[in-house]
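Content type mmCIF, C-alpha atoms, from the file structure-v6.cif:
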```cif
data_input
#
loop_
_atom_site.label_atom_id
_atom_site.label_comp_id
_atom_site.auth_asym_id
_atom_site.auth_seq_id
_atom_site.Cartn_x
_atom_site.Cartn_y
_atom_site.Cartn_z
CA MET A 1 0.00 0.00 0.00
CA GLY A 2 1.30 3.49 -0.17
CA ILE A 3 3.13 5.26 -2.94
CA ALA A 4 4.20 2.28 -4.96
CA VAL A 5 6.03 4.47 -7.44
CA LEU A 6 9.36 4.28 -5.68
CA ILE A 7 10.63 2.42 -8.70
CA ALA A 8 13.75 2.33 -10.77
CA GLY A 9 14.45 5.70 -12.31
CA PRO A 10 13.02 9.20 -11.96
CA VAL A 11 10.26 10.83 -13.95
CA ALA A 12 11.76 12.49 -17.00
CA ALA A 13 13.00 15.97 -16.26
CA GLY A 14 11.49 19.05 -17.82
CA GLY A 15 8.47 19.77 -15.64
CA ALA A 16 4.87 19.67 -16.74
CA ALA A 17 3.93 18.68 -20.24
CA ALA A 18 2.72 21.48 -22.47
CA ALA A 19 -1.07 21.63 -22.33
CA PRO A 20 -3.11 22.88 -25.28
CA GLY A 21 -4.92 26.18 -25.34
CA GLY A 22 -8.60 26.52 -24.61
CA THR A 23 -10.46 26.57 -21.32
CA ALA A 24 -9.26 25.07 -18.06
CA GLY A 25 -11.74 22.26 -18.62
CA ASP A 26 -10.25 21.58 -22.06
CA ARG A 27 -6.77 21.42 -20.62
CA LEU A 28 -7.84 19.12 -17.81
CA ARG A 29 -9.61 16.79 -20.24
CA HIS A 30 -6.50 16.70 -22.45
CA ASP A 31 -4.30 15.77 -19.47
CA ALA A 32 -6.74 13.08 -18.30
CA GLU A 33 -6.73 11.55 -21.78
CA ALA A 34 -2.92 11.63 -21.74
CA ILE A 35 -3.03 9.40 -18.66
CA THR A 36 -5.28 6.85 -20.38
CA ALA A 37 -2.81 6.86 -23.31
CA THR A 38 -0.28 5.22 -20.96
CA GLY A 39 -2.57 2.19 -20.55
CA VAL A 40 -4.77 3.35 -17.67
CA THR A 41 -8.38 2.25 -18.11
CA GLY A 42 -10.16 5.16 -16.45
CA VAL A 43 -9.42 8.59 -14.99
CA GLN A 44 -11.47 11.12 -13.08
CA ALA A 45 -9.95 14.48 -12.19
CA ARG A 46 -11.09 17.57 -10.33
CA VAL A 47 -9.40 20.99 -10.10
CA THR A 48 -10.32 23.92 -7.89
CA GLY A 49 -8.72 27.23 -8.81
CA ALA A 50 -7.71 30.13 -6.60
CA ASP A 51 -10.99 31.81 -7.55
CA GLY A 52 -12.97 28.83 -6.27
CA ARG A 53 -14.13 27.66 -9.69
CA VAL A 54 -14.22 23.88 -10.13
CA HIS A 55 -13.45 21.91 -13.28
CA THR A 56 -13.87 18.16 -13.69
CA ALA A 57 -12.94 15.71 -16.41
CA THR A 58 -13.08 11.99 -17.07
CA ALA A 59 -11.36 9.80 -19.61
CA GLY A 60 -11.32 6.15 -20.58
CA VAL A 61 -13.87 3.61 -19.40
CA ALA A 62 -15.13 2.46 -16.03
CA ASP A 63 -15.54 -1.17 -17.04
CA LEU A 64 -13.57 -2.97 -19.75
CA ARG A 65 -16.37 -5.50 -20.23
CA THR A 66 -19.23 -3.05 -20.77
CA GLY A 67 -17.34 0.06 -21.88
CA ARG A 68 -19.48 2.29 -19.65
CA GLN A 69 -18.23 5.79 -18.98
CA VAL A 70 -16.20 6.77 -15.94
CA PRO A 71 -18.49 8.47 -13.39
CA PRO A 72 -17.18 11.94 -12.45
CA ASP A 73 -18.30 11.37 -8.85
CA GLY A 74 -17.19 7.74 -8.55
CA HIS A 75 -15.90 6.13 -5.36
CA PHE A 76 -12.39 4.69 -5.22
CA ARG A 77 -9.90 3.32 -2.73
CA ILE A 78 -7.58 6.13 -1.66
CA GLY A 79 -4.62 4.01 -0.54
CA SER A 80 -2.09 5.94 1.49
CA THR A 81 -3.94 9.22 1.22
CA ASN A 82 -5.35 7.57 4.35
CA LYS A 83 -2.04 8.43 6.06
CA THR A 84 -2.78 12.14 5.77
CA LEU A 85 -6.14 11.61 7.49
CA VAL A 86 -4.34 9.80 10.33
CA ALA A 87 -1.68 12.52 10.52
CA ALA A 88 -4.36 15.21 10.82
CA VAL A 89 -5.91 13.38 13.79
CA VAL A 90 -2.55 12.93 15.54
CA LEU A 91 -1.72 16.61 15.01
CA GLN A 92 -5.08 17.66 16.45
CA LEU A 93 -4.51 15.44 19.49
CA ALA A 94 -1.07 17.02 19.93
CA SER A 95 -2.60 20.51 19.74
CA GLU A 96 -5.08 19.49 22.45
CA GLY A 97 -2.30 18.17 24.70
CA ALA A 98 -3.58 14.60 24.57
CA LEU A 99 -0.18 13.47 23.33
CA SER A 100 3.12 14.88 22.11
CA LEU A 101 4.82 14.20 18.80
CA ASP A 102 7.98 13.64 20.82
CA ASP A 103 6.40 10.83 22.84
CA SER A 104 7.94 7.45 22.17
CA VAL A 105 5.83 4.65 20.80
CA ALA A 106 6.81 2.61 23.87
CA GLU A 107 5.10 5.16 26.12
CA TRP A 108 1.79 4.57 24.37
CA LEU A 109 2.14 0.92 23.39
CA PRO A 110 4.37 -0.72 26.01
CA GLY A 111 5.65 -4.10 24.91
CA VAL A 112 4.20 -3.84 21.40
CA VAL A 113 7.37 -2.70 19.64
CA GLY A 114 9.97 -5.28 20.55
CA GLY A 115 12.59 -7.63 19.22
CA GLU A 116 15.45 -5.57 17.82
CA HIS A 117 13.20 -2.52 17.42
CA ASP A 118 13.69 -0.02 20.24
CA GLY A 119 10.31 1.51 20.97
CA ASP A 120 11.86 3.97 23.42
CA ARG A 121 13.78 5.62 20.56
CA ILE A 122 10.97 5.75 17.99
CA THR A 123 8.82 8.87 18.41
CA LEU A 124 5.34 9.49 17.08
CA ARG A 125 6.83 12.16 14.82
CA ALA A 126 9.22 9.57 13.38
CA LEU A 127 6.32 7.21 12.66
CA LEU A 128 4.42 10.01 10.93
CA GLN A 129 7.47 10.96 8.88
CA HIS A 130 8.75 7.44 8.07
CA THR A 131 12.06 8.00 9.88
CA GLY A 132 11.54 5.44 12.64
CA GLY A 133 13.08 2.50 10.77
CA VAL A 134 10.10 0.21 11.41
CA TYR A 135 10.48 -2.90 9.26
CA ASP A 136 7.81 -2.99 6.55
CA GLY A 137 8.63 -6.10 4.55
CA ALA A 138 6.12 -8.19 6.49
CA TYR A 139 3.23 -5.80 5.76
CA PRO A 140 0.52 -7.80 3.94
CA SER A 141 0.53 -7.10 0.21
CA ARG A 142 -2.15 -7.99 -2.34
CA GLY A 143 0.11 -7.29 -5.31
CA GLY A 144 2.91 -9.05 -7.13
CA SER A 145 0.83 -11.42 -9.25
CA ALA A 146 -2.75 -12.21 -10.15
CA ALA A 147 -2.48 -15.50 -8.27
CA HIS A 148 -1.40 -13.74 -5.08
CA TYR A 149 -4.17 -11.17 -5.41
CA TYR A 150 -6.85 -13.86 -5.74
CA ALA A 151 -5.38 -15.85 -2.85
CA SER A 152 -5.05 -12.92 -0.45
CA ARG A 153 -7.71 -10.34 -1.34
CA TYR A 154 -10.11 -11.39 1.44
CA ASP A 155 -7.48 -12.00 4.12
CA VAL A 156 -8.03 -10.11 7.35
CA HIS A 157 -5.09 -8.98 9.48
CA THR A 158 -5.44 -7.28 12.85
CA PRO A 159 -3.10 -4.39 13.69
CA GLU A 160 -1.51 -6.54 16.37
CA GLU A 161 -0.75 -9.29 13.84
CA ILE A 162 0.75 -6.83 11.35
CA VAL A 163 3.02 -5.27 13.96
CA ALA A 164 4.02 -8.61 15.47
CA ALA A 165 5.09 -9.86 12.03
CA ALA A 166 7.31 -6.80 11.60
CA MET A 167 8.89 -7.21 15.02
CA ARG A 168 10.25 -10.63 14.03
CA HIS A 169 12.68 -8.82 11.71
CA GLU A 170 15.54 -6.41 12.17
CA PRO A 171 14.68 -2.71 11.84
CA ALA A 172 15.15 -1.20 8.41
CA PHE A 173 17.56 1.31 9.98
CA GLU A 174 18.30 3.04 13.25
CA PRO A 175 15.59 5.53 14.32
CA GLY A 176 16.25 8.88 12.70
CA ALA A 177 19.06 7.64 10.48
CA ARG A 178 17.19 8.24 7.23
CA TRP A 179 13.80 8.15 5.51
CA GLY A 180 12.13 4.87 4.58
CA TYR A 181 8.44 4.29 3.86
CA SER A 182 6.69 2.12 6.43
CA ASN A 183 3.02 1.19 6.27
CA THR A 184 3.54 -0.70 9.53
CA GLY A 185 4.50 2.56 11.22
CA TYR A 186 1.04 3.94 10.44
CA VAL A 187 -0.60 0.79 11.76
CA LEU A 188 1.17 1.63 15.03
CA LEU A 189 -0.18 5.19 14.85
CA GLY A 190 -3.71 3.85 14.54
CA MET A 191 -3.10 1.86 17.71
CA VAL A 192 -1.74 4.97 19.46
CA ILE A 193 -4.85 6.98 18.51
CA GLU A 194 -7.04 4.26 20.00
CA ARG A 195 -4.96 4.18 23.20
CA ALA A 196 -5.04 7.99 23.52
CA THR A 197 -8.76 8.41 22.86
CA GLY A 198 -10.32 5.09 23.80
CA ARG A 199 -11.91 4.94 20.35
CA PRO A 200 -10.94 3.33 17.02
CA TRP A 201 -8.70 5.49 14.83
CA HIS A 202 -11.32 5.59 12.05
CA ALA A 203 -13.95 6.88 14.48
CA GLU A 204 -11.62 9.77 15.30
CA VAL A 205 -11.09 10.43 11.57
CA ARG A 206 -14.85 10.46 11.05
CA ASP A 207 -15.61 12.82 13.91
CA ARG A 208 -12.62 15.14 13.56
CA VAL A 209 -12.26 15.34 9.77
CA LEU A 210 -15.04 13.81 7.71
CA GLU A 211 -18.09 15.16 9.49
CA PRO A 212 -16.78 18.73 10.05
CA LEU A 213 -15.83 18.92 6.34
CA ARG A 214 -19.10 17.28 5.23
CA MET A 215 -17.17 14.54 3.45
CA TRP A 216 -20.29 12.40 3.22
CA ASP A 217 -18.92 10.16 0.44
CA THR A 218 -15.80 9.12 2.37
CA TYR A 219 -16.05 6.06 4.56
CA TRP A 220 -14.12 3.26 6.22
CA PRO A 221 -15.17 -0.07 4.64
CA GLY A 222 -14.11 -2.36 7.47
CA ARG A 223 -14.34 -5.95 6.28
CA SER A 224 -16.50 -5.25 3.24
CA PRO A 225 -14.68 -5.93 -0.04
CA SER A 226 -17.19 -3.95 -2.11
CA LEU A 227 -17.41 -0.34 -3.24
CA PRO A 228 -20.62 1.72 -3.29
CA LEU A 229 -22.09 2.89 -6.57
CA PRO A 230 -21.11 4.68 -8.64
CA HIS A 231 -17.53 3.52 -9.15
CA ALA A 232 -15.13 2.49 -11.84
CA ARG A 233 -13.68 -0.98 -11.64
CA GLY A 234 -10.05 -1.14 -10.53
CA TYR A 235 -7.54 -3.01 -12.71
CA THR A 236 -3.94 -4.15 -12.34
CA ARG A 237 -1.42 -5.41 -14.88
CA PHE A 238 1.00 -7.56 -12.93
CA ALA A 239 3.44 -8.70 -15.61
CA PRO A 240 4.47 -7.80 -19.17
CA GLY A 241 2.17 -9.26 -21.79
CA GLU A 242 -0.54 -10.17 -19.31
CA ASP A 243 -4.09 -8.89 -19.52
CA LEU A 244 -5.37 -6.39 -17.00
CA VAL A 245 -6.85 -8.12 -13.95
CA ASP A 246 -10.02 -6.82 -12.32
CA THR A 247 -8.83 -6.09 -8.76
CA THR A 248 -11.87 -4.17 -7.55
CA ARG A 249 -12.76 -6.40 -4.62
CA LEU A 250 -10.47 -6.31 -1.60
CA ILE A 251 -10.43 -6.25 2.19
CA ASP A 252 -7.78 -3.84 3.42
CA ALA A 253 -8.74 -1.29 6.03
CA ASP A 254 -5.95 -0.65 8.53
CA ALA A 255 -4.69 2.83 9.42
CA SER A 256 -2.09 2.73 6.67
CA GLY A 257 -4.67 2.92 3.91
CA GLY A 258 -8.24 1.75 4.06
CA TYR A 259 -10.63 4.61 3.27
CA VAL A 260 -12.86 4.97 0.21
CA SER A 261 -13.58 8.47 -1.09
CA THR A 262 -14.34 10.69 -4.11
CA THR A 263 -12.43 13.45 -5.87
CA ALA A 264 -14.78 16.10 -4.44
CA ASP A 265 -14.26 14.94 -0.86
CA LEU A 266 -10.48 14.66 -1.18
CA ASP A 267 -10.36 18.10 -2.79
CA ARG A 268 -12.18 19.52 0.22
CA PHE A 269 -9.83 17.72 2.61
CA ALA A 270 -6.65 18.85 0.84
CA ARG A 271 -7.66 22.50 0.96
CA ALA A 272 -8.79 22.29 4.60
CA LEU A 273 -5.37 21.01 5.63
CA PHE A 274 -3.78 24.29 4.59
CA ASP A 275 -6.42 26.98 5.10
CA GLY A 276 -6.66 26.73 8.89
CA THR A 277 -9.87 24.70 8.98
CA LEU A 278 -8.34 21.49 10.37
CA LEU A 279 -4.98 22.50 11.84
CA ASP A 280 -3.75 25.44 13.86
CA GLU A 281 -0.61 27.32 12.84
CA GLU A 282 1.74 25.20 14.97
CA ALA A 283 0.26 21.94 13.70
CA LEU A 284 0.51 23.13 10.08
CA ALA A 285 4.18 23.94 10.65
CA GLU A 286 4.72 20.39 11.91
CA LEU A 287 2.79 18.93 8.97
CA THR A 288 4.95 20.74 6.43
CA HIS A 289 8.37 20.28 8.06
CA THR A 290 9.95 17.87 5.60
CA VAL A 291 12.89 15.53 5.35
CA PRO A 292 14.45 14.56 2.00
CA VAL A 293 13.04 11.49 0.26
CA GLU A 294 16.35 9.85 -0.54
CA GLU A 295 15.25 6.49 -1.86
CA GLU A 296 16.17 4.61 -5.00
CA GLY A 297 13.47 5.00 -7.61
CA ASN A 298 11.92 8.15 -6.18
CA PRO A 299 10.00 9.52 -9.20
CA TRP A 300 9.90 13.08 -7.89
CA PRO A 301 13.29 14.84 -7.90
CA ASP A 302 13.88 16.96 -4.78
CA ALA A 303 10.85 15.45 -3.07
CA GLY A 304 10.38 15.80 0.66
CA TYR A 305 8.10 14.15 3.20
CA GLY A 306 6.31 15.96 5.99
CA LEU A 307 3.89 14.30 8.39
CA GLY A 308 1.76 12.08 6.19
CA LEU A 309 2.31 13.76 2.84
CA PHE A 310 4.93 14.32 0.17
CA SER A 311 6.11 17.64 -1.24
CA ARG A 312 7.91 18.54 -4.45
CA PRO A 313 8.80 21.74 -6.30
CA LEU A 314 6.46 22.97 -9.01
CA PRO A 315 7.94 23.90 -12.41
CA CYS A 316 6.33 27.35 -12.10
CA GLY A 317 7.79 27.91 -8.64
CA GLY A 318 6.43 27.11 -5.24
CA THR A 319 5.57 23.73 -3.78
CA ALA A 320 3.01 21.05 -4.47
CA TRP A 321 1.88 19.21 -1.34
CA ILE A 322 0.87 15.67 -2.22
CA PRO A 323 -1.35 13.64 0.14
CA SER A 324 -1.50 10.73 -2.27
CA GLY A 325 -1.48 6.96 -2.32
CA ASP A 326 -1.79 3.64 -4.09
CA GLN A 327 -4.04 0.68 -3.48
CA ILE A 328 -4.21 -2.41 -5.64
CA GLY A 329 -6.22 -1.34 -8.70
CA TRP A 330 -6.03 2.39 -8.05
CA LYS A 331 -3.64 5.31 -7.90
CA THR A 332 -4.72 8.53 -6.21
CA ARG A 333 -2.75 11.73 -6.69
CA VAL A 334 -3.65 14.94 -4.88
CA GLY A 335 -1.87 18.27 -5.23
CA VAL A 336 -2.52 21.39 -3.19
CA SER A 337 -0.78 24.75 -3.02
CA ALA A 338 0.79 25.94 0.21
CA ASP A 339 -2.03 28.42 0.83
CA GLY A 340 -4.73 25.86 0.14
CA ARG A 341 -6.27 27.98 -2.61
CA ARG A 342 -5.44 25.70 -5.56
CA SER A 343 -6.00 21.97 -5.52
CA VAL A 344 -6.26 19.01 -7.85
CA VAL A 345 -7.29 15.40 -7.36
CA VAL A 346 -6.87 12.63 -9.91
CA SER A 347 -8.05 9.05 -9.48
CA MET A 348 -6.65 6.43 -11.85
CA SER A 349 -8.48 3.10 -11.78
CA THR A 350 -5.45 1.12 -12.92
CA GLN A 351 -2.07 0.14 -11.53
CA LEU A 352 0.55 -0.72 -14.11
CA GLN A 353 2.94 -3.03 -12.28
CA ASP A 354 4.22 -4.88 -15.36
CA SER A 355 7.43 -2.84 -15.64
CA ALA A 356 9.22 0.17 -14.22
CA GLU A 357 8.80 1.89 -17.58
CA SER A 358 5.00 1.48 -17.55
CA ALA A 359 4.75 2.76 -14.01
CA LEU A 360 6.96 5.72 -14.83
CA ARG A 361 4.86 6.69 -17.84
CA GLN A 362 1.71 6.60 -15.75
CA GLU A 363 3.34 8.61 -12.97
CA ALA A 364 4.76 11.20 -15.38
CA ALA A 365 1.35 11.74 -16.97
CA ALA A 366 -0.29 12.22 -13.57
CA THR A 367 2.49 14.59 -12.52
CA ALA A 368 1.92 16.66 -15.68
CA LEU A 369 -1.80 16.92 -14.94
CA ILE A 370 -1.11 18.14 -11.39
CA ASP A 371 1.58 20.60 -12.48
CA ASN A 372 -0.58 22.04 -15.25
CA ALA A 373 -3.50 22.44 -12.84
CA LEU A 374 -1.52 24.11 -10.07
CA CYS A 375 0.53 26.29 -12.42
CA ALA A 376 -2.27 27.40 -14.76
CA GLU A 377 -3.20 31.03 -15.16
CA GLU A 378 -6.78 31.74 -14.15
CA ASP A 379 -9.13 31.80 -17.16
#
```

Translate the structure described by the file into structure tokens.
Amino acid sequence: MGIAVLIAGPVAAGGAAAAPGGTAGDRLRHDAEAITATGVTGVQARVTGADGRVHTATAGVADLRTGRQVPPDGHFRIGSTNKTLVAAVVLQLASEGALSLDDSVAEWLPGVVGGEHDGDRITLRALLQHTGGVYDGAYPSRGGSAAHYYASRYDVHTPEEIVAAAMRHEPAFEPGARWGYSNTGYVLLGMVIERATGRPWHAEVRDRVLEPLRMWDTYWPGRSPSLPLPHARGYTRFAPGEDLVDTTRLIDADASGGYVSTTADLDRFARALFDGTLLDEEALAELTHTVPVEEEGNPWPDAGYGLGLFSRPLPCGGTAWIPSGDQIGWKTRVGVSADGRRSVVVSMSTQLQDSAESALRQEAAATALIDNALCAEED
């Protein structure tokens, strides 16, 4: 789960692709179609400009069997965009004094982080920022092959089981030594939220984020493998030369990435992160304090990671903040300006895992759409 685009080789340099003239809607539609040209079955995109005007576009098909159109308001699995929801809750709890980002995970979950992992040295901030070194290779994956997807898609893993599996391995690195993505670290954060509040992490997300922002189409699916209508079907190509596999149905709802949402809801969330609606000034400063993403295959040159979201420079200047994620069958990319006035959400209902080149083409096309949206002059 998570940003599965840490693959061999960066996105080609040169910034955003040149978009054609015409209206903002025309440009967005062009960029969405450019994503489907890489082999993605369906795309839905939404842009909100600094003037508050909204543009939407779809491209491709929602179902390869029927050829029906992609719904502009379709539901999709948001993958590790979930991490930004969790980070917002932890930051609110820190603002309220219920916990501190400098607390160790051992203080909140005594005895849970063990083996060669030192829970006394791993802070909540480190978990949020992926600098804690928590081993992630045991995190349950549904990808890799069609056979593995079919065999594992309905498996249920408790947070305790996921963490215990990780603790049987050596840490990825010493706490604070570097950056390294860890879904398991966010599973631990979900457990910390429950310990601090006495309620499930997703209940805190609902009450603190979803309901105040009226994100009525965003929900935690629990153990349901289905998506509500309308939705595009999610597809994955696992190996070169293989057909796309329908990977719509899945049970995967831990704190690392379980929510289902829409482009409109995620657009509202992204803007609220930066405009003072969800976080006070101190919490926003914590959210946006980044460390370099120095990992082989990082597709975004000069990328950083704050607390639950990536950042990267825009070709027109400034920074794109990216609370984005992958889930088998879907890629979600969100971009928002530092003042929260411009935002863009794109949902791609396909993962191209057959080669690094395919994944890079898909990522580059999505990056171009986001750059063109955030850098565009107002019509």

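Across the structure, CA of Arg27 (chain A) and CA of Ala338 (chain A) are spaced 22.6 Å apart.
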
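CA of Phe76 (chain A) lies 12.9 Å from CA of Gln351 (chain A).
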
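With all atoms listed in the file taken into account, the protein and nucleic acid residues at most 10 Å from Gly176 (chain A) (excluding it and anything under 5 positions from it in its own chain) are Arg121, Ile122, Thr123, Ala126, Gln129, His130, Thr131, Gly132 and Gly133 of chain A.
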
- [ ] Enumerate, as a PyMOL selection string, the residues matched when the PyMOL selection byres ((chain A and resi 318) around 12) is run on the file above.
- [x] chain A and resi 311-317+319-321+336-339+342+371+374-375

What does the file look like for those residues with C-alpha atoms, as an mmCIF file, in the coordinates of the input?
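See out24.cif below for the written result:
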```
data_model
loop_
_atom_site.group_PDB
_atom_site.id
_atom_site.type_symbol
_atom_site.label_atom_id
_atom_site.label_comp_id
_atom_site.auth_asym_id
_atom_site.auth_seq_id
_atom_site.Cartn_x
_atom_site.Cartn_y
_atom_site.Cartn_z
ATOM 1 C CA SER A 311 6.110 17.640 -1.240
ATOM 2 C CA ARG A 312 7.910 18.540 -4.450
ATOM 3 C CA PRO A 313 8.800 21.740 -6.300
ATOM 4 C CA LEU A 314 6.460 22.970 -9.010
ATOM 5 C CA PRO A 315 7.940 23.900 -12.410
ATOM 6 C CA CYS A 316 6.330 27.350 -12.100
ATOM 7 C CA GLY A 317 7.790 27.910 -8.640
ATOM 8 C CA THR A 319 5.570 23.730 -3.780
ATOM 9 C CA ALA A 320 3.010 21.050 -4.470
ATOM 10 C CA TRP A 321 1.880 19.210 -1.340
ATOM 11 C CA VAL A 336 -2.520 21.390 -3.190
ATOM 12 C CA SER A 337 -0.780 24.750 -3.020
ATOM 13 C CA ALA A 338 0.790 25.940 0.210
ATOM 14 C CA ASP A 339 -2.030 28.420 0.830
ATOM 15 C CA ARG A 342 -5.440 25.700 -5.560
ATOM 16 C CA ASP A 371 1.580 20.600 -12.480
ATOM 17 C CA LEU A 374 -1.520 24.110 -10.070
ATOM 18 C CA CYS A 375 0.530 26.290 -12.420
#
```

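Comparing the minimum interatomic distances between Leu229 (chain A) and each of A:Gly257, A:Pro301, A:Pro71, A:Gly25, counting only C-alpha atoms, we find that A:Pro71 sits nearest.
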
Task: Option closest in space to Glu204 (chain A), from A:Ala88, A:Ala62, A:Leu109, A:Ala138 [counting only C-alpha atoms] - done: A:Ala88

TODO: Considering all atoms listed in the file, state which residue in the set A:Thr290, A:Thr58, A:Gln353, A:Thr197 is at the smallest distance from Thr36 (chain A).
DONE: A:Thr58

Task: Residue IDs satisfying the PyMOL selection byres ((chain A and resi 90) around 9), as an NGL selection string - done: :A and (85-89 or 91-95 or 99-101 or 124 or 128 or 189 or 192-193)

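Between CA of Thr332 (chain A) and CA of Thr263 (chain A) lies a distance of 9.2 Å.
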